[in-house]
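S.K.: Coordinates in protein_18.csv, CSV, C-alpha atoms, are listed below.
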```
chain,number,residue,atom,x,y,z
R,1,MET,CA,-2.8,-16.0,-30.3
R,2,MET,CA,0.7,-14.8,-29.5
R,3,LEU,CA,0.9,-12.7,-26.4
R,4,SER,CA,3.3,-9.8,-26.0
R,5,CYS,CA,5.2,-9.5,-22.7
R,6,LYS,CA,3.0,-6.6,-21.8
R,7,GLU,CA,-0.2,-8.6,-22.2
R,8,SER,CA,1.4,-11.6,-20.5
R,9,ALA,CA,2.3,-9.4,-17.5
R,10,ARG,CA,-1.4,-8.3,-17.3
R,11,LEU,CA,-2.6,-11.9,-17.2
R,12,LEU,CA,0.0,-12.9,-14.7
R,13,SER,CA,-1.4,-10.3,-12.4
R,14,GLN,CA,-5.1,-11.1,-13.1
R,15,ARG,CA,-4.7,-14.8,-12.6
R,16,MET,CA,-4.1,-13.9,-8.9
R,17,ASP,CA,-7.5,-12.1,-8.8
R,18,ARG,CA,-9.7,-14.1,-11.1
R,19,GLU,CA,-9.9,-17.4,-12.9
R,20,LEU,CA,-8.5,-16.9,-16.4
R,21,ALA,CA,-10.5,-18.1,-19.4
R,22,PHE,CA,-9.3,-21.3,-21.1
R,23,GLY,CA,-7.8,-19.4,-24.1
R,24,GLU,CA,-6.0,-17.0,-21.8
R,25,ARG,CA,-4.5,-19.8,-19.8
R,26,VAL,CA,-3.2,-21.5,-23.0
R,27,ALA,CA,-1.8,-18.3,-24.5
R,28,LEU,CA,-0.1,-17.5,-21.2
R,29,ARG,CA,1.4,-21.0,-20.9
R,30,VAL,CA,2.8,-20.8,-24.4
R,31,HIS,CA,4.3,-17.4,-23.8
R,32,LEU,CA,5.8,-18.4,-20.4
R,33,ALA,CA,7.5,-21.5,-22.1
R,34,ILE,CA,9.6,-19.2,-24.2
R,35,CYS,CA,10.0,-16.1,-22.0
R,36,ARG,CA,12.2,-16.1,-18.9
R,37,GLY,CA,11.4,-12.4,-18.1
R,38,CYS,CA,7.7,-13.1,-17.8
R,39,ARG,CA,8.3,-16.3,-15.7
R,40,ASN,CA,10.4,-14.2,-13.3
R,41,ALA,CA,7.7,-11.5,-13.2
R,42,GLY,CA,5.1,-14.1,-12.4
R,43,ALA,CA,7.2,-15.6,-9.6
R,44,GLN,CA,7.7,-12.1,-8.2
R,45,PHE,CA,4.0,-11.3,-8.2
R,46,GLU,CA,3.4,-14.5,-6.2
R,47,PHE,CA,6.3,-13.6,-3.8
R,48,LEU,CA,4.6,-10.2,-3.2
R,49,ARG,CA,1.5,-12.0,-1.9
R,50,GLU,CA,3.6,-14.1,0.5
R,51,ALA,CA,5.5,-11.0,1.6
R,52,MET,CA,2.3,-9.2,2.4
R,53,ARG,CA,1.4,-12.1,4.7
R,54,GLY,CA,4.8,-11.8,6.3
R,55,LEU,CA,4.3,-8.1,6.8
R,56,ALA,CA,1.1,-8.7,8.8
R,57,GLU,CA,2.6,-11.4,10.9
R,58,ALA,CA,6.2,-10.3,11.5
R,59,GLU,CA,5.9,-7.1,13.5
R,60,SER,CA,3.5,-8.3,16.1
R,61,GLY,CA,6.2,-8.2,18.7
R,62,LYS,CA,6.8,-4.5,18.1
E,1,MET,CA,-22.3,-26.3,44.1
E,2,GLY,CA,-20.5,-29.0,42.3
E,3,ALA,CA,-22.4,-28.3,39.1
E,4,ARG,CA,-21.6,-24.6,39.4
E,5,LEU,CA,-17.9,-25.3,39.5
E,6,GLN,CA,-18.1,-27.3,36.4
E,7,THR,CA,-19.8,-24.6,34.4
E,8,SER,CA,-17.4,-22.0,35.6
E,9,SER,CA,-15.6,-22.9,32.5
E,10,PRO,CA,-12.1,-22.6,31.0
E,11,LEU,CA,-12.9,-18.9,30.0
E,12,PRO,CA,-10.4,-16.5,31.6
E,13,ALA,CA,-11.8,-14.3,34.3
E,14,PRO,CA,-13.0,-10.9,32.8
E,15,ALA,CA,-10.0,-9.0,34.1
E,16,ASP,CA,-7.7,-11.5,32.4
E,17,PHE,CA,-9.6,-11.3,29.2
E,18,ARG,CA,-9.5,-7.6,29.2
E,19,LYS,CA,-5.7,-7.6,29.7
E,20,GLN,CA,-5.2,-10.2,27.0
E,21,VAL,CA,-7.2,-8.1,24.6
E,22,GLU,CA,-5.4,-4.9,25.6
E,23,ASP,CA,-2.1,-6.6,25.1
E,24,LEU,CA,-2.9,-7.1,21.4
E,25,ARG,CA,-3.7,-3.4,20.9
E,26,PRO,CA,-0.3,-2.6,19.3
E,27,TYR,CA,-0.6,-5.5,16.9
E,28,LEU,CA,-4.1,-4.4,15.9
E,29,LEU,CA,-3.1,-0.8,15.6
E,30,ARG,CA,-0.3,-1.7,13.2
E,31,PHE,CA,-2.6,-3.9,11.2
E,32,ALA,CA,-5.1,-1.2,10.8
E,33,SER,CA,-2.5,1.5,10.0
E,34,LEU,CA,-1.1,-0.5,7.2
E,35,GLN,CA,-4.4,-0.4,5.5
E,36,LEU,CA,-5.8,3.0,6.4
E,37,ARG,CA,-2.8,5.2,6.2
E,38,ASP,CA,-4.4,7.5,8.8
E,39,ALA,CA,-3.4,7.2,12.4
E,40,ALA,CA,-6.7,8.6,13.8
E,41,ALA,CA,-8.9,6.4,11.7
E,42,ALA,CA,-6.8,3.3,12.6
E,43,GLU,CA,-7.0,4.2,16.3
E,44,ASP,CA,-10.8,4.5,16.0
E,45,ALA,CA,-11.2,1.2,14.2
E,46,VAL,CA,-9.0,-0.6,16.9
E,47,GLN,CA,-11.0,1.1,19.7
E,48,GLU,CA,-14.3,-0.1,18.2
E,49,THR,CA,-12.8,-3.5,17.8
E,50,LEU,CA,-11.7,-3.7,21.5
E,51,LEU,CA,-15.1,-2.5,22.7
E,52,ALA,CA,-16.9,-5.0,20.5
E,53,ALA,CA,-14.5,-7.8,21.7
E,54,LEU,CA,-15.1,-7.0,25.4
E,55,ALA,CA,-18.8,-6.8,24.9
E,56,GLY,CA,-18.9,-10.0,22.9
E,57,GLU,CA,-16.5,-12.0,25.0
E,58,ALA,CA,-18.9,-15.0,24.8
E,59,GLY,CA,-18.3,-15.1,21.1
E,60,PHE,CA,-14.7,-16.0,21.7
E,61,ALA,CA,-15.5,-19.0,23.9
E,62,GLY,CA,-13.8,-22.1,22.7
E,63,ARG,CA,-11.8,-20.4,19.9
E,64,ALA,CA,-8.1,-21.1,20.0
E,65,ASN,CA,-6.5,-17.9,19.0
E,66,LEU,CA,-7.5,-14.5,20.4
E,67,ARG,CA,-5.4,-12.6,17.9
E,68,THR,CA,-7.1,-14.2,14.9
E,69,TRP,CA,-10.5,-13.6,16.4
E,70,LEU,CA,-9.7,-9.9,17.1
E,71,THR,CA,-8.2,-9.5,13.6
E,72,GLY,CA,-11.4,-10.8,12.1
E,73,ILE,CA,-13.5,-8.2,14.0
E,74,LEU,CA,-11.0,-5.5,13.0
E,75,LYS,CA,-11.2,-6.3,9.3
E,76,HIS,CA,-14.9,-5.6,9.4
E,77,LYS,CA,-14.3,-2.3,11.2
E,78,ILE,CA,-11.6,-1.4,8.6
E,79,VAL,CA,-14.0,-2.1,5.7
E,80,ASP,CA,-16.6,0.0,7.4
E,81,THR,CA,-14.1,2.8,7.6
E,82,ILE,CA,-13.1,2.5,4.0
E,83,ARG,CA,-16.8,2.5,2.9
E,84,ARG,CA,-17.4,5.6,4.9
E,85,GLN,CA,-14.3,7.3,3.5
E,86,SER,CA,-15.0,6.5,-0.1
E,87,ARG,CA,-18.5,7.9,0.3
E,88,GLU,CA,-17.2,11.1,2.0
E,89,ARG,CA,-14.3,11.8,-0.3
E,90,PRO,CA,-14.6,9.8,-3.5
E,91,ALA,CA,-11.7,9.1,-5.8
E,92,ALA,CA,-9.6,12.3,-5.6
E,93,GLU,CA,-7.0,10.5,-7.7
E,94,ALA,CA,-7.7,10.9,-11.4
E,95,GLY,CA,-7.1,7.7,-13.2
E,96,THR,CA,-4.2,7.5,-15.6
E,97,GLU,CA,-6.1,5.2,-17.9
E,98,GLY,CA,-5.9,6.3,-21.4
E,99,ALA,CA,-2.3,7.4,-21.1
E,100,ASP,CA,-0.3,4.3,-21.1
E,101,GLU,CA,1.3,4.1,-17.7
E,102,PHE,CA,3.6,1.2,-18.6
E,103,ASP,CA,5.1,2.9,-21.7
E,104,GLY,CA,8.5,3.2,-20.0
E,105,LEU,CA,8.5,-0.5,-19.1
E,106,PHE,CA,7.8,-2.0,-22.5
E,107,THR,CA,8.8,-1.4,-26.1
E,108,GLY,CA,6.3,-0.3,-28.7
E,109,ARG,CA,5.8,-4.0,-29.6
E,110,GLY,CA,5.2,-4.9,-26.0
E,111,HIS,CA,8.5,-6.5,-25.1
E,112,TRP,CA,10.1,-5.7,-21.7
E,113,GLN,CA,12.5,-2.8,-22.0
E,114,GLU,CA,14.4,-4.6,-19.3
E,115,ALA,CA,13.4,-8.2,-18.7
E,116,PRO,CA,12.9,-9.0,-15.0
E,117,ASP,CA,15.7,-11.0,-13.5
E,118,ALA,CA,15.1,-13.7,-11.0
E,119,TRP,CA,15.4,-12.5,-7.5
E,120,GLU,CA,17.9,-14.2,-5.4
E,121,GLN,CA,16.6,-16.1,-2.4
E,122,PRO,CA,13.4,-14.0,-1.9
E,123,GLU,CA,12.4,-16.4,0.9
E,124,GLN,CA,15.2,-15.4,3.0
E,125,ALA,CA,14.3,-11.7,2.7
E,126,LEU,CA,11.0,-12.5,4.4
E,127,ASN,CA,12.8,-13.1,7.7
E,128,GLN,CA,14.6,-9.8,7.6
E,129,ARG,CA,13.2,-6.8,9.4
E,130,GLN,CA,14.9,-4.4,6.9
E,131,PHE,CA,13.2,-6.2,4.0
E,132,LEU,CA,9.8,-5.7,5.5
E,133,ALA,CA,10.7,-2.0,6.1
E,134,ALA,CA,11.6,-1.7,2.4
E,135,LEU,CA,8.3,-3.3,1.5
E,136,GLU,CA,6.5,-0.9,3.7
E,137,ALA,CA,8.3,2.1,2.1
E,138,CYS,CA,7.4,0.8,-1.4
E,139,LEU,CA,3.7,0.5,-0.3
E,140,ARG,CA,3.7,4.0,1.0
E,141,ALA,CA,5.1,5.2,-2.3
E,142,LEU,CA,2.0,3.9,-4.2
E,143,PRO,CA,-0.7,6.4,-5.1
E,144,GLU,CA,-3.5,6.3,-2.5
E,145,ARG,CA,-6.2,4.6,-4.5
E,146,THR,CA,-3.9,2.0,-6.0
E,147,ALA,CA,-2.5,1.3,-2.5
E,148,ARG,CA,-6.0,1.0,-1.0
E,149,VAL,CA,-7.1,-1.6,-3.5
E,150,PHE,CA,-3.9,-3.6,-3.3
E,151,MET,CA,-4.0,-3.6,0.5
E,152,MET,CA,-7.7,-4.7,0.5
E,153,ARG,CA,-6.7,-7.6,-1.7
E,154,GLU,CA,-3.4,-8.7,-0.1
E,155,HIS,CA,-3.6,-7.4,3.4
E,156,LEU,CA,-7.3,-7.8,4.3
E,157,GLY,CA,-7.5,-10.8,1.9
E,158,LEU,CA,-10.7,-9.7,0.2
E,159,GLU,CA,-11.9,-11.1,-3.1
E,160,THR,CA,-12.2,-8.6,-6.0
E,161,PRO,CA,-16.0,-8.6,-6.1
E,162,GLU,CA,-16.0,-7.4,-2.4
E,163,ILE,CA,-13.5,-4.7,-3.1
E,164,CYS,CA,-15.5,-3.5,-6.1
E,165,LYS,CA,-18.6,-3.4,-4.1
E,166,GLU,CA,-17.1,-1.4,-1.2
E,167,LEU,CA,-15.4,1.1,-3.4
E,168,GLY,CA,-18.1,1.3,-6.1
E,169,ILE,CA,-15.7,0.6,-9.0
E,170,THR,CA,-15.9,-2.0,-11.8
E,171,ALA,CA,-14.0,-5.3,-11.7
E,172,THR,CA,-11.9,-4.2,-14.7
E,173,HIS,CA,-10.9,-1.0,-12.9
E,174,CYS,CA,-10.0,-3.1,-9.9
E,175,TRP,CA,-7.8,-5.4,-11.9
E,176,VAL,CA,-6.1,-2.4,-13.5
E,177,LEU,CA,-5.3,-1.0,-10.1
E,178,LEU,CA,-4.0,-4.3,-8.8
E,179,HIS,CA,-1.8,-4.8,-11.8
E,180,ARG,CA,-0.5,-1.3,-11.5
E,181,ALA,CA,0.3,-1.9,-7.8
E,182,ARG,CA,2.2,-5.2,-8.5
E,183,MET,CA,4.2,-3.7,-11.3
E,184,ALA,CA,5.2,-0.7,-9.2
E,185,LEU,CA,6.0,-2.9,-6.2
E,186,ARG,CA,8.2,-5.3,-8.1
E,187,LEU,CA,10.1,-2.5,-9.6
E,188,CYS,CA,10.5,-0.7,-6.2
E,189,LEU,CA,11.7,-3.9,-4.5
E,190,GLU,CA,14.1,-4.7,-7.3
E,191,THR,CA,15.6,-1.2,-7.1
E,192,ASN,CA,15.6,-0.9,-3.3
E,193,TRP,CA,16.3,-4.4,-2.2
E,194,PHE,CA,17.2,-7.2,-4.7
E,195,ASP,CA,19.5,-5.2,-6.9
E,196,LYS,CA,21.6,-4.0,-4.0
```
Can the structure in the file be given as structure tokens, please?
M.R.:
Amino acid sequence: MMLSCKESARLLSQRMDRELAFGERVALRVHLAICRGCRNAGAQFEFLREAMRGLAEAESGK
Amino acid sequence: MGARLQTSSPLPAPADFRKQVEDLRPYLLRFASLQLRDAAAAEDAVQETLLAALAGEAGFAGRANLRTWLTGILKHKIVDTIRRQSRERPAAEAGTEGADEFDGLFTGRGHWQEAPDAWEQPEQALNQRQFLAALEACLRALPERTARVFMMREHLGLETPEICKELGITATHCWVLLHRARMALRLCLETNWFDK
């Protein structure tokens, strides 16, 4: 199964909220191997999670 | 008498405890406001938390971090508030499902219109006050329901089944909203921060 970037982006988001099925994981890995844009998007989704943690922590002094 | 002294414990005296708890009010208020987007509701949740904390001081005994303990209580109060709210005024926001909300972002064949570039040194941004302000502005720009689900996931740290249960939505709908939020936020941060 070949994923489009659009489908890949959806899985990149969902893997942060649920465990992907085996087939989904494989398809995503194959797509990411050849698609820099989706790799960047995936990294950015993960950065968002970290940034949200930072947001809760950072302003405590205010 | 000696025995009494020993049991009179490392717990702070009540007045101290009350002050320490009160000192954390601004932090808690901010934490609640981020999720609830409603100053009065946030104030109520924090007030209930402080009352519960002062009444349940014994529950704190031996725990290392007062703020963590209070934040834990506050999260429950916030979820109570959300549950009440979603019962009182359910889903005003009509879903945009059906219409393809990502049409502008992908070509007809599902390729990125504009492939995401790597962000430069995102880690450094985390230490900058202005970056966090930009992130907050992007969060405020999200539609209410989308923001609520995203914040429950990433601010309160709830798992999706819990979020679905509290809001009475399906897991699929939950994932759609979370994905929508992430796509909107990455675009917003790119435009307002990383591209600058």
S.K.: Could you tell me how far CA of Phe60 (chain E) sits from CA of Val21 (chain E), in Å to one decimal place?
M.R.: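 CA of Phe60 (chain E) lies 11.3 Å from CA of Val21 (chain E).
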S.K.: What are the residues of chain E that have an atom within 6 Å of an atom of chain R, counting all atoms listed in the file, as a PyMOL selection string?
M.R.: chain E and resi 27+110-111+115-116+118+179
S.K.: Suppose you want the space between CA of Ala181 (chain E) and CA of Ala137 (chain E); what is it in Å?
M.R.: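 Separation between CA of Ala181 (chain E) and CA of Ala137 (chain E): 13.3 Å.
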S.K.: Considering all atoms listed in the file, can you say which of E:Leu132, E:Leu54, E:Leu177, E:Leu187 comes closest to Glu144 (chain E)?
M.R.: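 Answer, going by the shortest atom-to-atom distance: E:Leu177.
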S.K.: So what do you get for CA of Ile34 (chain R) versus CA of Met183 (chain E), distance-wise?
M.R.: 20.9 Å
S.K.: Using only C-alpha atoms, which of the listed residues (E:Cys188, E:Thr68, E:Thr146, E:Ala61) sits closest to Leu24 (chain E)?
M.R.: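 Among E:Cys188, E:Thr68, E:Thr146, E:Ala61, it is E:Thr68 that comes nearest to Leu24 (chain E).
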S.K.: Since the input lacks atoms, please generate N, CA and C atoms for region 20-47 of chain R and provide them as a PDB file, in the coordinates of the input.
M.R.:
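Output contents, as saved in out08.pdb:
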```pdb
ATOM      1  N   LEU R  20      -8.647 -17.270 -15.000  1.00  0.00           N
ATOM      2  CA  LEU R  20      -8.500 -16.900 -16.400  1.00  0.00           C
ATOM      3  C   LEU R  20      -9.338 -17.840 -17.275  1.00  0.00           C
ATOM      4  N   ALA R  21      -9.748 -17.321 -18.433  1.00  0.00           N
ATOM      5  CA  ALA R  21     -10.500 -18.100 -19.400  1.00  0.00           C
ATOM      6  C   ALA R  21      -9.520 -19.162 -20.013  1.00  0.00           C
ATOM      7  N   PHE R  22     -10.090 -20.207 -20.571  1.00  0.00           N
ATOM      8  CA  PHE R  22      -9.300 -21.300 -21.100  1.00  0.00           C
ATOM      9  C   PHE R  22      -8.235 -20.750 -22.133  1.00  0.00           C
ATOM     10  N   GLY R  23      -8.710 -19.921 -23.059  1.00  0.00           N
ATOM     11  CA  GLY R  23      -7.800 -19.400 -24.100  1.00  0.00           C
ATOM     12  C   GLY R  23      -6.704 -18.537 -23.491  1.00  0.00           C
ATOM     13  N   GLU R  24      -7.026 -17.796 -22.460  1.00  0.00           N
ATOM     14  CA  GLU R  24      -6.000 -17.000 -21.800  1.00  0.00           C
ATOM     15  C   GLU R  24      -4.953 -17.864 -21.129  1.00  0.00           C
ATOM     16  N   ARG R  25      -5.422 -18.937 -20.515  1.00  0.00           N
ATOM     17  CA  ARG R  25      -4.500 -19.800 -19.800  1.00  0.00           C
ATOM     18  C   ARG R  25      -3.520 -20.466 -20.843  1.00  0.00           C
ATOM     19  N   VAL R  26      -4.068 -20.903 -21.961  1.00  0.00           N
ATOM     20  CA  VAL R  26      -3.200 -21.500 -23.000  1.00  0.00           C
ATOM     21  C   VAL R  26      -2.218 -20.547 -23.533  1.00  0.00           C
ATOM     22  N   ALA R  27      -2.707 -19.360 -23.883  1.00  0.00           N
ATOM     23  CA  ALA R  27      -1.800 -18.300 -24.500  1.00  0.00           C
ATOM     24  C   ALA R  27      -0.703 -17.985 -23.480  1.00  0.00           C
ATOM     25  N   LEU R  28      -1.075 -17.884 -22.221  1.00  0.00           N
ATOM     26  CA  LEU R  28      -0.100 -17.500 -21.200  1.00  0.00           C
ATOM     27  C   LEU R  28       0.951 -18.647 -21.061  1.00  0.00           C
ATOM     28  N   ARG R  29       0.491 -19.881 -21.060  1.00  0.00           N
ATOM     29  CA  ARG R  29       1.400 -21.000 -20.900  1.00  0.00           C
ATOM     30  C   ARG R  29       2.411 -21.045 -22.060  1.00  0.00           C
ATOM     31  N   VAL R  30       1.899 -20.826 -23.255  1.00  0.00           N
ATOM     32  CA  VAL R  30       2.800 -20.800 -24.400  1.00  0.00           C
ATOM     33  C   VAL R  30       3.826 -19.720 -24.305  1.00  0.00           C
ATOM     34  N   HIS R  31       3.359 -18.546 -23.897  1.00  0.00           N
ATOM     35  CA  HIS R  31       4.300 -17.400 -23.800  1.00  0.00           C
ATOM     36  C   HIS R  31       5.352 -17.698 -22.688  1.00  0.00           C
ATOM     37  N   LEU R  32       4.912 -18.206 -21.557  1.00  0.00           N
ATOM     38  CA  LEU R  32       5.800 -18.400 -20.400  1.00  0.00           C
ATOM     39  C   LEU R  32       6.903 -19.476 -20.809  1.00  0.00           C
ATOM     40  N   ALA R  33       6.514 -20.417 -21.679  1.00  0.00           N
ATOM     41  CA  ALA R  33       7.500 -21.500 -22.100  1.00  0.00           C
ATOM     42  C   ALA R  33       8.679 -20.880 -22.778  1.00  0.00           C
ATOM     43  N   ILE R  34       8.479 -19.753 -23.420  1.00  0.00           N
ATOM     44  CA  ILE R  34       9.600 -19.200 -24.200  1.00  0.00           C
ATOM     45  C   ILE R  34      10.131 -17.887 -23.593  1.00  0.00           C
ATOM     46  N   CYS R  35       9.570 -17.417 -22.472  1.00  0.00           N
ATOM     47  CA  CYS R  35      10.000 -16.100 -22.000  1.00  0.00           C
ATOM     48  C   CYS R  35      10.346 -16.111 -20.507  1.00  0.00           C
ATOM     49  N   ARG R  36      11.648 -16.039 -20.275  1.00  0.00           N
ATOM     50  CA  ARG R  36      12.200 -16.100 -18.900  1.00  0.00           C
ATOM     51  C   ARG R  36      11.756 -14.837 -18.115  1.00  0.00           C
ATOM     52  N   GLY R  37      11.784 -13.687 -18.784  1.00  0.00           N
ATOM     53  CA  GLY R  37      11.400 -12.400 -18.100  1.00  0.00           C
ATOM     54  C   GLY R  37      10.033 -12.500 -17.490  1.00  0.00           C
ATOM     55  N   CYS R  38       9.085 -13.027 -18.252  1.00  0.00           N
ATOM     56  CA  CYS R  38       7.700 -13.100 -17.800  1.00  0.00           C
ATOM     57  C   CYS R  38       7.588 -14.188 -16.655  1.00  0.00           C
ATOM     58  N   ARG R  39       8.360 -15.269 -16.797  1.00  0.00           N
ATOM     59  CA  ARG R  39       8.300 -16.300 -15.700  1.00  0.00           C
ATOM     60  C   ARG R  39       8.821 -15.627 -14.416  1.00  0.00           C
ATOM     61  N   ASN R  40       9.881 -14.838 -14.513  1.00  0.00           N
ATOM     62  CA  ASN R  40      10.400 -14.200 -13.300  1.00  0.00           C
ATOM     63  C   ASN R  40       9.357 -13.204 -12.744  1.00  0.00           C
ATOM     64  N   ALA R  41       8.718 -12.440 -13.631  1.00  0.00           N
ATOM     65  CA  ALA R  41       7.700 -11.500 -13.200  1.00  0.00           C
ATOM     66  C   ALA R  41       6.569 -12.221 -12.438  1.00  0.00           C
ATOM     67  N   GLY R  42       6.146 -13.352 -13.011  1.00  0.00           N
ATOM     68  CA  GLY R  42       5.100 -14.100 -12.400  1.00  0.00           C
ATOM     69  C   GLY R  42       5.459 -14.609 -10.998  1.00  0.00           C
ATOM     70  N   ALA R  43       6.682 -15.088 -10.879  1.00  0.00           N
ATOM     71  CA  ALA R  43       7.200 -15.600  -9.600  1.00  0.00           C
ATOM     72  C   ALA R  43       7.215 -14.385  -8.581  1.00  0.00           C
ATOM     73  N   GLN R  44       7.575 -13.220  -9.076  1.00  0.00           N
ATOM     74  CA  GLN R  44       7.700 -12.100  -8.200  1.00  0.00           C
ATOM     75  C   GLN R  44       6.300 -11.590  -7.712  1.00  0.00           C
ATOM     76  N   PHE R  45       5.313 -11.661  -8.586  1.00  0.00           N
ATOM     77  CA  PHE R  45       4.000 -11.300  -8.200  1.00  0.00           C
ATOM     78  C   PHE R  45       3.513 -12.251  -7.033  1.00  0.00           C
ATOM     79  N   GLU R  46       3.846 -13.527  -7.199  1.00  0.00           N
ATOM     80  CA  GLU R  46       3.400 -14.500  -6.200  1.00  0.00           C
ATOM     81  C   GLU R  46       4.206 -14.249  -4.866  1.00  0.00           C
ATOM     82  N   PHE R  47       5.468 -13.915  -5.024  1.00  0.00           N
ATOM     83  CA  PHE R  47       6.300 -13.600  -3.800  1.00  0.00           C
ATOM     84  C   PHE R  47       5.678 -12.400  -3.087  1.00  0.00           C
TER      85      PHE R  47
END
```
